[in-house]
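Asks: This is model14.cif, which holds mmCIF, C-alpha atoms:
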```cif
data_entry
#
loop_
_atom_site.label_atom_id
_atom_site.label_comp_id
_atom_site.auth_asym_id
_atom_site.auth_seq_id
_atom_site.Cartn_x
_atom_site.Cartn_y
_atom_site.Cartn_z
CA MET A 107 29.83 6.13 -88.40
CA THR A 108 30.80 5.57 -84.87
CA HIS A 109 27.51 7.20 -83.83
CA GLN A 110 25.58 4.83 -86.05
CA ARG A 111 27.31 1.74 -84.56
CA SER A 112 26.55 2.71 -80.86
CA LEU A 113 22.78 2.62 -81.27
CA PRO A 114 22.52 -1.21 -81.72
CA VAL A 115 24.82 -1.64 -78.77
CA LEU A 116 22.64 0.56 -76.62
CA ILE A 117 19.57 -1.35 -77.67
CA ARG A 118 21.21 -4.69 -76.80
CA ARG A 119 22.32 -3.41 -73.36
CA THR A 120 18.86 -2.08 -72.62
CA ALA A 121 17.30 -5.42 -73.53
CA ALA A 122 19.77 -7.27 -71.26
CA LEU A 123 19.01 -4.98 -68.34
CA ALA A 124 15.28 -5.51 -68.79
CA ALA A 125 15.78 -9.27 -68.76
CA THR A 126 17.78 -9.05 -65.52
CA VAL A 127 15.09 -6.99 -63.83
CA SER A 128 12.45 -9.46 -64.99
CA LEU A 129 14.46 -12.33 -63.50
CA LEU A 130 14.74 -10.58 -60.14
CA PHE A 131 11.00 -10.01 -59.94
CA ALA A 132 10.34 -13.59 -60.97
CA THR A 133 12.44 -15.03 -58.12
CA GLY A 134 11.10 -12.65 -55.48
CA GLY A 135 8.36 -15.09 -54.26
CA CYS A 136 10.38 -18.26 -54.47
CA SER A 137 12.06 -20.25 -51.74
CA MET A 138 15.33 -19.80 -53.50
CA PRO A 139 17.72 -17.85 -51.27
CA LEU A 140 18.83 -14.50 -52.56
CA PHE A 141 22.30 -15.21 -51.19
CA ALA A 142 24.48 -18.23 -51.49
CA SER A 143 24.50 -20.71 -48.60
CA GLY A 144 26.82 -19.59 -45.82
CA ALA A 145 26.69 -15.94 -46.78
CA ASP A 146 25.91 -13.53 -43.95
CA PRO A 147 25.14 -10.19 -45.45
CA THR A 148 24.89 -7.23 -43.16
CA PRO A 149 21.46 -5.62 -43.50
CA THR A 150 21.24 -1.97 -44.28
CA ALA A 151 20.08 0.47 -41.62
CA SER A 152 16.66 0.74 -43.25
CA ALA A 153 16.31 -3.05 -43.36
CA SER A 154 17.17 -3.33 -39.65
CA ALA A 155 14.63 -0.68 -38.77
CA SER A 156 11.94 -2.53 -40.66
CA THR A 157 12.28 -5.54 -38.33
CA LYS A 158 11.51 -3.55 -35.17
CA THR A 159 7.98 -3.31 -33.80
CA ALA A 160 6.68 0.19 -34.21
CA PRO A 161 5.15 1.77 -31.15
CA ASN A 162 1.37 1.63 -31.03
CA ASP A 163 0.25 5.20 -31.58
CA GLY A 164 -3.36 4.34 -32.07
CA GLN A 165 -3.16 4.74 -35.91
CA ASP A 166 -3.64 2.05 -38.51
CA ASN A 167 -0.41 0.58 -39.79
CA ASP A 168 -0.72 -1.01 -43.21
CA ASN A 169 2.60 -2.77 -42.76
CA ALA A 170 1.73 -4.31 -39.37
CA SER A 171 1.37 -8.04 -38.97
CA PRO A 172 -2.28 -9.18 -38.80
CA ASN A 173 -1.39 -10.65 -35.37
CA ALA A 174 0.26 -7.47 -34.12
CA ASP A 175 -2.40 -6.79 -31.46
CA SER A 176 -2.05 -10.25 -29.95
CA GLU A 177 1.72 -9.98 -30.05
CA THR A 178 2.00 -6.61 -28.34
CA LYS A 179 -1.02 -6.55 -26.02
CA THR A 180 -1.53 -8.86 -23.03
CA GLU A 181 -4.41 -8.80 -20.61
CA ALA A 182 -3.47 -8.06 -17.02
CA PRO A 183 -4.18 -11.09 -14.80
CA ALA A 184 -7.13 -10.78 -12.46
CA PRO A 185 -6.05 -9.79 -8.95
CA SER A 186 -5.72 -12.71 -6.55
CA ALA A 187 -7.59 -12.95 -3.26
CA GLN A 188 -4.40 -11.95 -1.48
CA ASP A 189 -3.95 -8.96 -3.77
CA LYS A 190 -7.46 -7.80 -2.94
CA ALA A 191 -6.80 -8.38 0.75
CA LYS A 192 -3.60 -6.33 0.57
CA LYS A 193 -5.53 -3.46 -0.95
CA LEU A 194 -8.08 -3.62 1.87
CA LEU A 195 -5.32 -3.82 4.46
CA SER A 196 -3.55 -0.76 3.06
CA GLY A 197 -6.55 1.40 3.85
CA MET A 198 -7.02 0.19 7.44
CA SER A 199 -6.11 1.81 10.71
CA LEU A 200 -4.32 -0.21 13.38
CA GLU A 201 -7.58 -0.54 15.29
CA GLN A 202 -9.33 -1.95 12.25
CA LYS A 203 -6.57 -4.48 11.68
CA VAL A 204 -6.67 -5.62 15.29
CA GLY A 205 -10.46 -5.92 15.10
CA GLN A 206 -10.11 -8.45 12.30
CA LEU A 207 -8.12 -10.68 14.67
CA MET A 208 -10.94 -10.93 17.22
CA MET A 209 -13.63 -13.62 17.53
CA VAL A 210 -16.03 -12.56 20.27
CA PRO A 211 -18.82 -14.57 21.90
CA LEU A 212 -22.57 -14.12 21.52
CA PHE A 213 -24.45 -16.34 23.93
CA ALA A 214 -27.73 -18.10 23.25
CA GLY A 215 -30.69 -16.07 24.50
CA ASN A 216 -28.92 -12.76 23.93
CA GLY A 217 -29.67 -10.48 21.04
CA ALA A 218 -27.23 -9.49 18.35
CA SER A 219 -27.08 -6.02 19.90
CA ASP A 220 -24.84 -7.47 22.63
CA VAL A 221 -21.90 -7.23 20.22
CA GLN A 222 -23.08 -4.29 18.10
CA SER A 223 -20.65 -1.82 19.62
CA LEU A 224 -17.75 -4.25 19.28
CA VAL A 225 -18.46 -4.66 15.56
CA GLN A 226 -19.21 -1.02 14.79
CA LYS A 227 -16.76 0.81 17.05
CA ASP A 228 -14.02 -1.73 17.63
CA HIS A 229 -14.15 -3.26 14.13
CA VAL A 230 -14.43 -6.83 15.46
CA GLY A 231 -14.52 -9.17 12.48
CA SER A 232 -15.79 -12.50 13.85
CA VAL A 233 -18.56 -13.67 16.19
CA LEU A 234 -18.86 -17.06 17.91
CA LEU A 235 -22.33 -18.37 18.70
CA LEU A 236 -22.01 -20.04 22.11
CA GLY A 237 -24.42 -21.91 24.33
CA ASN A 238 -27.49 -23.89 23.33
CA TRP A 239 -29.30 -22.21 20.46
CA LYS A 240 -32.47 -24.30 20.33
CA ASN A 241 -34.79 -22.32 18.05
CA GLY A 242 -33.73 -23.69 14.69
CA THR A 243 -32.25 -22.30 11.51
CA THR A 244 -34.73 -19.45 11.04
CA ALA A 245 -34.00 -17.86 14.42
CA VAL A 246 -30.23 -18.18 13.95
CA ALA A 247 -30.50 -16.75 10.45
CA GLN A 248 -32.24 -13.65 11.82
CA VAL A 249 -29.43 -13.09 14.30
CA SER A 250 -26.78 -13.71 11.64
CA SER A 251 -28.42 -11.23 9.29
CA THR A 252 -28.57 -8.58 12.00
CA LEU A 253 -24.91 -9.15 12.82
CA GLN A 254 -23.85 -8.79 9.20
CA GLY A 255 -25.91 -5.60 9.01
CA TYR A 256 -23.69 -3.99 11.64
CA THR A 257 -20.74 -3.94 9.26
CA SER A 258 -20.23 -0.81 7.18
CA ASP A 259 -16.81 -1.17 5.58
CA GLY A 260 -17.67 -3.83 3.01
CA ILE A 261 -16.00 -6.56 5.05
CA GLY A 262 -18.40 -9.19 6.36
CA LEU A 263 -18.23 -11.16 9.58
CA LEU A 264 -17.08 -14.68 10.16
CA ILE A 265 -20.02 -16.17 12.08
CA CYS A 266 -18.81 -19.31 13.79
CA ALA A 267 -20.26 -22.22 15.75
CA ASP A 268 -19.02 -25.39 17.46
CA GLN A 269 -21.06 -27.92 15.49
CA GLU A 270 -19.16 -31.17 15.87
CA GLY A 271 -21.99 -33.55 16.71
CA GLY A 272 -22.95 -35.59 19.77
CA GLN A 273 -22.38 -33.63 22.98
CA VAL A 274 -20.87 -30.69 21.09
CA GLN A 275 -23.65 -29.29 18.92
CA HIS A 276 -24.60 -25.75 19.87
CA LEU A 277 -27.24 -25.15 17.18
CA THR A 278 -30.35 -27.31 17.32
CA GLY A 279 -34.07 -27.13 16.59
CA THR A 280 -36.10 -27.06 13.38
CA GLY A 281 -33.88 -27.18 10.33
CA PHE A 282 -30.84 -28.62 12.13
CA ASP A 283 -30.31 -32.38 12.08
CA THR A 284 -29.28 -34.04 15.31
CA MET A 285 -25.70 -34.87 14.44
CA PRO A 286 -24.21 -38.16 15.66
CA SER A 287 -21.09 -38.05 17.79
CA ALA A 288 -17.75 -38.01 16.04
CA VAL A 289 -17.18 -41.62 17.14
CA LYS A 290 -20.31 -42.64 15.24
CA GLN A 291 -19.24 -40.49 12.30
CA GLY A 292 -16.01 -42.50 12.33
CA GLN A 293 -18.04 -45.64 11.66
CA MET A 294 -19.16 -44.17 8.31
CA SER A 295 -17.12 -44.50 5.16
CA VAL A 296 -15.28 -41.32 4.22
CA GLU A 297 -17.63 -40.93 1.25
CA ASP A 298 -20.73 -41.17 3.41
CA LEU A 299 -19.28 -38.80 6.00
CA ARG A 300 -18.52 -36.23 3.33
CA ALA A 301 -22.10 -36.43 2.06
CA ALA A 302 -23.48 -36.11 5.60
CA ALA A 303 -21.20 -33.15 6.35
CA LYS A 304 -22.47 -31.45 3.21
CA THR A 305 -26.02 -31.79 4.54
CA TRP A 306 -25.07 -30.43 7.96
CA GLY A 307 -23.14 -27.65 6.27
CA SER A 308 -26.10 -26.64 4.14
CA GLN A 309 -28.12 -26.26 7.33
CA LEU A 310 -25.46 -24.00 8.82
CA LYS A 311 -25.33 -21.97 5.62
CA SER A 312 -29.10 -21.47 5.66
CA ALA A 313 -28.70 -20.11 9.20
CA GLY A 314 -26.04 -17.61 8.11
CA VAL A 315 -23.21 -19.49 9.84
CA ASN A 316 -20.15 -19.57 7.59
CA VAL A 317 -17.57 -21.29 9.83
CA ASP A 318 -17.87 -24.59 11.70
CA LEU A 319 -15.18 -24.90 14.37
CA ALA A 320 -14.84 -28.60 13.66
CA PRO A 321 -13.67 -31.36 13.24
CA VAL A 322 -11.40 -32.75 15.97
CA ALA A 323 -8.43 -34.52 14.36
CA GLY A 324 -6.71 -35.68 17.56
CA THR A 325 -6.40 -39.33 18.62
CA VAL A 326 -6.84 -40.61 22.16
CA GLN A 327 -3.45 -41.67 23.59
CA THR A 328 -4.40 -42.30 27.22
CA GLN A 329 -4.89 -45.80 28.61
CA SER A 330 -8.67 -45.49 28.38
CA ARG A 331 -10.98 -43.10 26.58
CA SER A 332 -12.60 -41.97 29.81
CA GLN A 333 -9.22 -40.79 31.13
CA ASN A 334 -8.95 -38.29 28.26
CA ALA A 335 -11.36 -35.65 29.55
CA PRO A 336 -11.34 -33.15 26.66
CA ILE A 337 -11.82 -35.62 23.79
CA GLY A 338 -12.25 -39.33 24.54
CA ALA A 339 -14.69 -38.95 27.43
CA LEU A 340 -16.96 -36.84 25.20
CA ASP A 341 -16.63 -38.95 22.01
CA ARG A 342 -15.31 -35.95 20.10
CA ASP A 343 -12.75 -37.89 18.05
CA PHE A 344 -13.60 -40.29 15.24
CA GLY A 345 -12.51 -43.24 17.41
CA LEU A 346 -10.03 -44.64 14.92
CA ASP A 347 -6.26 -44.79 14.55
CA THR A 348 -4.40 -41.63 13.62
CA THR A 349 -4.64 -42.19 9.88
CA GLY A 350 -8.33 -43.05 10.02
CA ASN A 351 -9.09 -40.05 12.20
CA GLY A 352 -7.20 -37.76 9.83
CA GLN A 353 -8.95 -39.13 6.75
CA HIS A 354 -12.37 -38.72 8.36
CA ALA A 355 -11.47 -35.20 9.44
CA ALA A 356 -10.58 -34.41 5.83
CA ALA A 357 -13.90 -35.86 4.65
CA PHE A 358 -15.76 -33.66 7.15
CA VAL A 359 -13.88 -30.57 5.93
CA ASN A 360 -14.59 -31.39 2.29
CA GLY A 361 -18.27 -31.98 2.97
CA MET A 362 -18.61 -28.63 4.70
CA ARG A 363 -16.78 -26.98 1.80
CA ASP A 364 -19.19 -28.65 -0.62
CA ALA A 365 -21.96 -26.78 1.21
CA GLY A 366 -20.08 -23.46 1.14
CA VAL A 367 -19.09 -23.52 4.82
CA MET A 368 -15.55 -23.16 6.16
CA SER A 369 -14.03 -25.47 8.78
CA SER A 370 -11.37 -25.47 11.48
CA VAL A 371 -9.40 -28.64 12.15
CA LYS A 372 -8.57 -28.82 15.85
CA HIS A 373 -6.78 -28.87 18.34
CA PHE A 374 -3.29 -28.87 16.86
CA PRO A 375 -1.19 -30.90 17.62
CA GLY A 376 -3.88 -32.89 19.46
CA LEU A 377 -5.57 -33.14 22.86
CA GLY A 378 -5.68 -36.91 22.96
CA GLY A 379 -2.65 -37.31 25.21
CA VAL A 380 -3.75 -35.30 28.25
CA THR A 381 -6.13 -36.17 31.06
CA GLY A 382 -7.26 -32.65 31.99
CA ASN A 383 -9.70 -30.54 29.96
CA THR A 384 -8.00 -27.23 29.15
CA ASP A 385 -11.37 -25.44 29.23
CA PHE A 386 -11.81 -26.14 32.92
CA THR A 387 -8.41 -26.79 34.50
CA ASP A 388 -4.74 -25.91 34.33
CA SER A 389 -3.77 -29.31 35.79
CA ASP A 390 -2.88 -32.48 33.89
CA ILE A 391 -2.69 -30.65 30.58
CA THR A 392 0.89 -31.55 29.63
CA ASP A 393 1.22 -34.10 26.85
CA THR A 394 4.37 -36.18 27.40
CA THR A 395 4.05 -38.51 24.40
CA THR A 396 3.32 -36.51 21.23
CA THR A 397 6.35 -35.60 19.13
CA LEU A 398 6.73 -33.99 15.72
CA ASN A 399 7.33 -37.42 14.20
CA SER A 400 4.89 -39.69 16.00
CA GLY A 401 1.66 -40.04 17.87
CA GLN A 402 -1.56 -38.23 17.17
CA ILE A 403 0.12 -35.59 15.04
CA GLU A 404 -0.08 -38.00 12.09
CA GLY A 405 -3.85 -37.47 12.08
CA PHE A 406 -3.28 -33.80 11.41
CA HIS A 407 -0.94 -34.62 8.53
CA GLN A 408 -3.86 -36.47 6.94
CA ALA A 409 -6.44 -33.82 7.80
CA LEU A 410 -4.32 -31.04 6.32
CA GLN A 411 -4.53 -32.75 2.93
CA SER A 412 -8.01 -31.23 2.68
CA ASN A 413 -6.49 -27.75 2.97
CA PRO A 414 -8.84 -26.60 5.76
CA ASP A 415 -9.74 -22.93 6.01
CA MET A 416 -8.52 -22.81 9.61
CA VAL A 417 -6.47 -24.77 12.11
CA MET A 418 -7.21 -24.30 15.80
CA MET A 419 -4.31 -24.48 18.27
CA SER A 420 -4.40 -26.48 21.47
CA LEU A 421 -3.84 -24.85 24.86
CA ALA A 422 -2.01 -27.91 26.22
CA THR A 423 1.77 -28.06 26.59
CA TYR A 424 3.83 -30.66 24.69
CA SER A 425 6.95 -31.54 26.64
CA GLN A 426 8.54 -33.50 23.78
CA ILE A 427 8.20 -30.51 21.42
CA ASP A 428 8.19 -27.28 23.45
CA PRO A 429 8.01 -27.72 27.23
CA GLU A 430 8.02 -23.96 27.84
CA GLU A 431 4.84 -22.80 26.13
CA PRO A 432 1.28 -23.99 25.40
CA ALA A 433 0.96 -24.87 21.73
CA ALA A 434 -1.00 -21.68 20.98
CA PHE A 435 1.93 -19.59 22.24
CA SER A 436 4.71 -21.78 20.87
CA SER A 437 6.46 -20.33 17.83
CA LYS A 438 8.25 -23.67 17.48
CA ILE A 439 4.96 -25.55 17.07
CA LEU A 440 2.86 -22.93 15.31
CA ASN A 441 5.20 -20.91 13.13
CA ASP A 442 8.16 -23.24 12.63
CA TYR A 443 6.34 -26.55 12.30
CA LEU A 444 2.73 -25.93 11.23
CA ARG A 445 3.55 -23.08 8.88
CA GLY A 446 7.17 -23.88 8.05
CA THR A 447 7.53 -27.66 7.92
CA LEU A 448 3.95 -28.57 7.02
CA GLY A 449 3.48 -25.52 4.82
CA TYR A 450 0.08 -24.50 6.15
CA GLN A 451 -0.51 -20.85 5.20
CA GLY A 452 -4.18 -20.48 6.09
CA VAL A 453 -5.77 -18.87 9.14
CA VAL A 454 -4.66 -20.20 12.52
CA THR A 455 -7.12 -19.63 15.35
CA SER A 456 -6.75 -20.19 19.07
CA ASP A 457 -8.87 -22.26 21.36
CA SER A 458 -10.77 -20.08 23.83
CA MET A 459 -8.45 -17.55 25.46
CA SER A 460 -10.71 -17.47 28.48
CA ALA A 461 -10.02 -21.15 29.21
CA ALA A 462 -8.83 -22.14 32.66
CA ALA A 463 -5.59 -23.48 31.17
CA LEU A 464 -4.41 -19.88 30.62
CA GLY A 465 -5.65 -18.51 33.94
CA SER A 466 -2.18 -17.64 35.22
CA ILE A 467 -1.40 -15.36 32.24
CA PRO A 468 -2.45 -11.69 32.39
CA THR A 469 -5.45 -11.24 30.10
CA LYS A 470 -3.86 -8.29 28.32
CA GLU A 471 -0.98 -10.51 27.17
CA LEU A 472 -3.03 -13.38 25.73
CA GLY A 473 -3.61 -11.99 22.25
CA VAL A 474 -0.11 -10.60 22.05
CA ARG A 475 1.50 -13.94 22.84
CA PHE A 476 -0.68 -15.74 20.29
CA VAL A 477 0.03 -13.33 17.43
CA SER A 478 3.73 -13.27 18.36
CA ALA A 479 3.83 -17.05 17.87
CA GLY A 480 2.30 -16.72 14.40
CA GLY A 481 -1.42 -16.95 15.16
CA ASP A 482 -4.18 -14.97 13.48
CA LEU A 483 -7.69 -15.25 14.91
CA ILE A 484 -8.20 -14.99 18.66
CA CYS A 485 -11.15 -17.01 19.93
CA ILE A 486 -12.65 -15.65 23.17
CA GLY A 487 -15.29 -17.43 25.21
CA ALA A 488 -16.02 -14.79 27.88
CA ASN A 489 -17.11 -11.19 27.36
CA GLU A 490 -14.87 -9.74 30.06
CA TYR A 491 -11.77 -10.88 28.15
CA VAL A 492 -12.54 -8.97 24.97
CA ARG A 493 -11.60 -5.43 25.97
CA PRO A 494 -8.27 -6.29 27.67
CA ILE A 495 -7.16 -8.41 24.73
CA LEU A 496 -8.05 -5.66 22.25
CA THR A 497 -6.20 -3.07 24.29
CA GLY A 498 -3.15 -5.29 24.70
CA LEU A 499 -2.85 -5.85 20.96
CA VAL A 500 -3.17 -2.17 20.05
CA GLN A 501 -0.72 -0.99 22.69
CA LYS A 502 1.88 -3.60 21.76
CA ALA A 503 1.63 -2.76 18.05
CA GLN A 504 1.97 0.96 18.78
CA SER A 505 5.21 0.40 20.67
CA ASP A 506 6.76 -2.46 18.71
CA THR A 507 7.26 -2.19 14.95
CA ALA A 508 8.05 -5.88 14.54
CA PHE A 509 4.83 -6.84 16.31
CA ALA A 510 2.86 -4.35 14.21
CA GLN A 511 4.14 -6.21 11.14
CA GLN A 512 2.92 -9.48 12.65
CA VAL A 513 -0.50 -7.91 13.15
CA ASP A 514 -0.47 -6.93 9.48
CA GLN A 515 0.37 -10.49 8.43
CA ALA A 516 -2.33 -11.96 10.63
CA ALA A 517 -4.94 -9.48 9.39
CA LEU A 518 -3.90 -10.20 5.80
CA ARG A 519 -4.53 -13.92 6.26
CA VAL A 520 -7.96 -13.27 7.77
CA LEU A 521 -8.86 -10.82 5.00
CA THR A 522 -7.67 -13.24 2.32
CA LEU A 523 -9.92 -15.90 3.84
CA LYS A 524 -12.83 -13.47 3.72
CA VAL A 525 -12.16 -12.51 0.12
CA ASN A 526 -12.12 -16.18 -0.86
CA ALA A 527 -15.41 -16.67 1.00
CA GLY A 528 -17.08 -13.73 -0.74
CA LEU A 529 -17.20 -11.67 2.45
CA ALA A 530 -14.84 -8.94 1.26
CA GLY A 531 -13.17 -7.45 -1.77
#
```
Any chance you could put this one into C-alpha cells?

Replies:
Amino acid sequence: MTHQRSLPVLIRRTAALAATVSLLFATGGCSMPLFASGADPTPTASASASTKTAPNDGQDNDNASPNADSETKTEAPAPSAQDKAKKLLSGMSLEQKVGQLMMVPLFAGNGASDVQSLVQKDHVGSVLLLGNWKNGTTAVAQVSSTLQGYTSDGIGLLICADQEGGQVQHLTGTGFDTMPSAVKQGQMSVEDLRAAAKTWGSQLKSAGVNVDLAPVAGTVQTQSRSQNAPIGALDRDFGLDTTGNGQHAAAFVNGMRDAGVMSSVKHFPGLGGVTGNTDFTDSDITDTTTTLNSGQIEGFHQALQSNPDMVMMSLATYSQIDPEEPAAFSSKILNDYLRGTLGYQGVVTSDSMSAAALGSIPTKELGVRFVSAGGDLICIGANEYVRPILTGLVQKAQSDTAFAQQVDQAALRVLTLKVNAGLAG
C-alpha cells in the first residue's frame, strides 16, 4: 500500500516542478530583477567569460553584438603633413637635407639652366626670381615649368619672387597687373586689399610662382619717412600705425592664400627704425627703439594672426633686444621670442645673405649661424655665395651632432610646408 500512496505524491511534485520552470521562463524577458535589490551575486566563471570580447578570427560569430565591428575596429587617422614630411626626411642624405634649406637666385634674362646643376646635383629646393622680369606671365611660367622639371625626387621647388608693389615688383608685363605701392594699398580697406591680393596672387600662380616674399609688416619709426632708407623712402610699408600695418599685412597674406600662393611677412622684428638699408650698407643699421613690448613689433603681432607660411628675418641689430647679433642670427629674437613666446612654428627665412650688412662675416658661416639661431630657409641674392654656404652647412653638420639635429628640424619645417602646398608627399 505504501507503493500505491507514493504515486500521487510523485505526480503532485512533478506538476509543481513544471509550474516553477514555467514561471522562470515567463519572467526571463521582464524588467524584474532576478535577484533582490542590494544582492551582489558572484557570476560563475562561464558567465564572466561570456562578457569578454572574443578575438576577431575572421569567422562569423552568431553571439556577437550587431555593432561588434564598429566597437572593435577603428580607422587609422590619415597621416598629417608633418608625418609625411618626416617620412620624406628619413630617406634623405645630409646633402639632400641641406639642399632643402637653400633659396638660390635666378636673374632676369638668364635661362633656367643657370641653376640646373644646383637643383639636380646639390638638391637645392627653392629658387628666387630676381631682377626685372618684363615678359609677362607666359614667359615666367615657361621658366617655372622648366625649373620644376629638374626635380626628380618627388619634391617640388619653392619658386619665389619679391612682388610687393610700387618700386618692388620684379615680375611685370602681360598678365601681371601694375601693383600700387604698399602705402597706396594701406589706403584700401582690409577687405578690398584682400580681394586685390587674391587677384595679384592668381597672376603669380599662373606664372608658376608659389611664394611671394611679401608683405612688409614694419612701421616707420624715424623722424621722417625719407630717413628710413629700406622701407619709408621706398613706400614699402602700408603707411599706417602699427596695428593698421599689421592688419593690412594679414589681409595681403590671406588674399594670396585665397589664390593658392604662399607669403612671407617681413622683416621681423621690423626695419622701420633704422636709417641705413641693410642690402647696401653695414652702417646705421642698429635699431635703438624697438623692444619686445613696444614699437613696430606690434604690427607683426597683428600680421601673425593670419598664420603666414613664412616669416623673413631682418639683418638689422636691435640694441634693446639683442645688441650682439643681427636678428637673423639672434636665437633670443628668432628661437626664443618668435617661436617660443609668439608660438610661430612655420618656416623662417632670412633676408639676403649676400647683403652688405653681413659683409664682415665669412660667407661659409652665414648659413650655419642662421640655422643655429633657429632659421630654416636661407635666401641668397648672389651666385658666388651659394657654394660656400652649402659647404659650410654640410661640414658643420658632419662635425656637430647638435647642429645636424637643427638641420633636420629646419628641413622638416620646409618639407612640411611643401607637403601642405602639394609640392611633396

Asks: For this structure, which residues satisfy the selection - the PyMOL selection byres ((chain A and resi 328-337) around 7) - when it is evaluated on the file as given? I want them as an mmCIF file with C-alpha atoms, in the frame of the given file.

Replies:
```cif
data_model
loop_
_atom_site.group_PDB
_atom_site.id
_atom_site.type_symbol
_atom_site.label_atom_id
_atom_site.label_comp_id
_atom_site.auth_asym_id
_atom_site.auth_seq_id
_atom_site.Cartn_x
_atom_site.Cartn_y
_atom_site.Cartn_z
ATOM 1 C CA VAL A 326 -6.840 -40.610 22.160
ATOM 2 C CA GLN A 327 -3.450 -41.670 23.590
ATOM 3 C CA GLY A 338 -12.250 -39.330 24.540
ATOM 4 C CA ALA A 339 -14.690 -38.950 27.430
ATOM 5 C CA LEU A 340 -16.960 -36.840 25.200
ATOM 6 C CA ASP A 341 -16.630 -38.950 22.010
ATOM 7 C CA ARG A 342 -15.310 -35.950 20.100
ATOM 8 C CA ASP A 343 -12.750 -37.890 18.050
ATOM 9 C CA LEU A 377 -5.570 -33.140 22.860
ATOM 10 C CA GLY A 378 -5.680 -36.910 22.960
ATOM 11 C CA GLY A 379 -2.650 -37.310 25.210
ATOM 12 C CA VAL A 380 -3.750 -35.300 28.250
ATOM 13 C CA THR A 381 -6.130 -36.170 31.060
ATOM 14 C CA GLY A 382 -7.260 -32.650 31.990
ATOM 15 C CA ASN A 383 -9.700 -30.540 29.960
#
```

Asks: Residues at most 7 Å from A:Pro375, counting only C-alpha atoms, excluding those fewer than 2 positions away in the same chain, as a PyMOL selection string?

Replies: chain A and resi 373+403+420

Asks: Pick the closest to A:Ala301 from A:Ala288, A:Leu236, A:Ile261, A:Met362: which is it, counting only C-alpha atoms?

Replies: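 The shortest atom-to-atom distance to A:Ala301 comes from A:Met362.
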
Asks: Pull out every residue that the PyMOL selection byres ((chain A and resi 199-211) around 6) matches in the shown coordinates and put them as a ChimeraX atom specification.

Replies: /A:198,212,229-234,482-487,517

Asks: Taking the file as I've supplied it (selection: the PyMOL selection byres ((chain A and resi 464) around 10)), which residues are included? Please answer as an NGL selection string.

Replies: :A and (384-388 or 421-422 or 432 or 458-463 or 465-469 or 472)
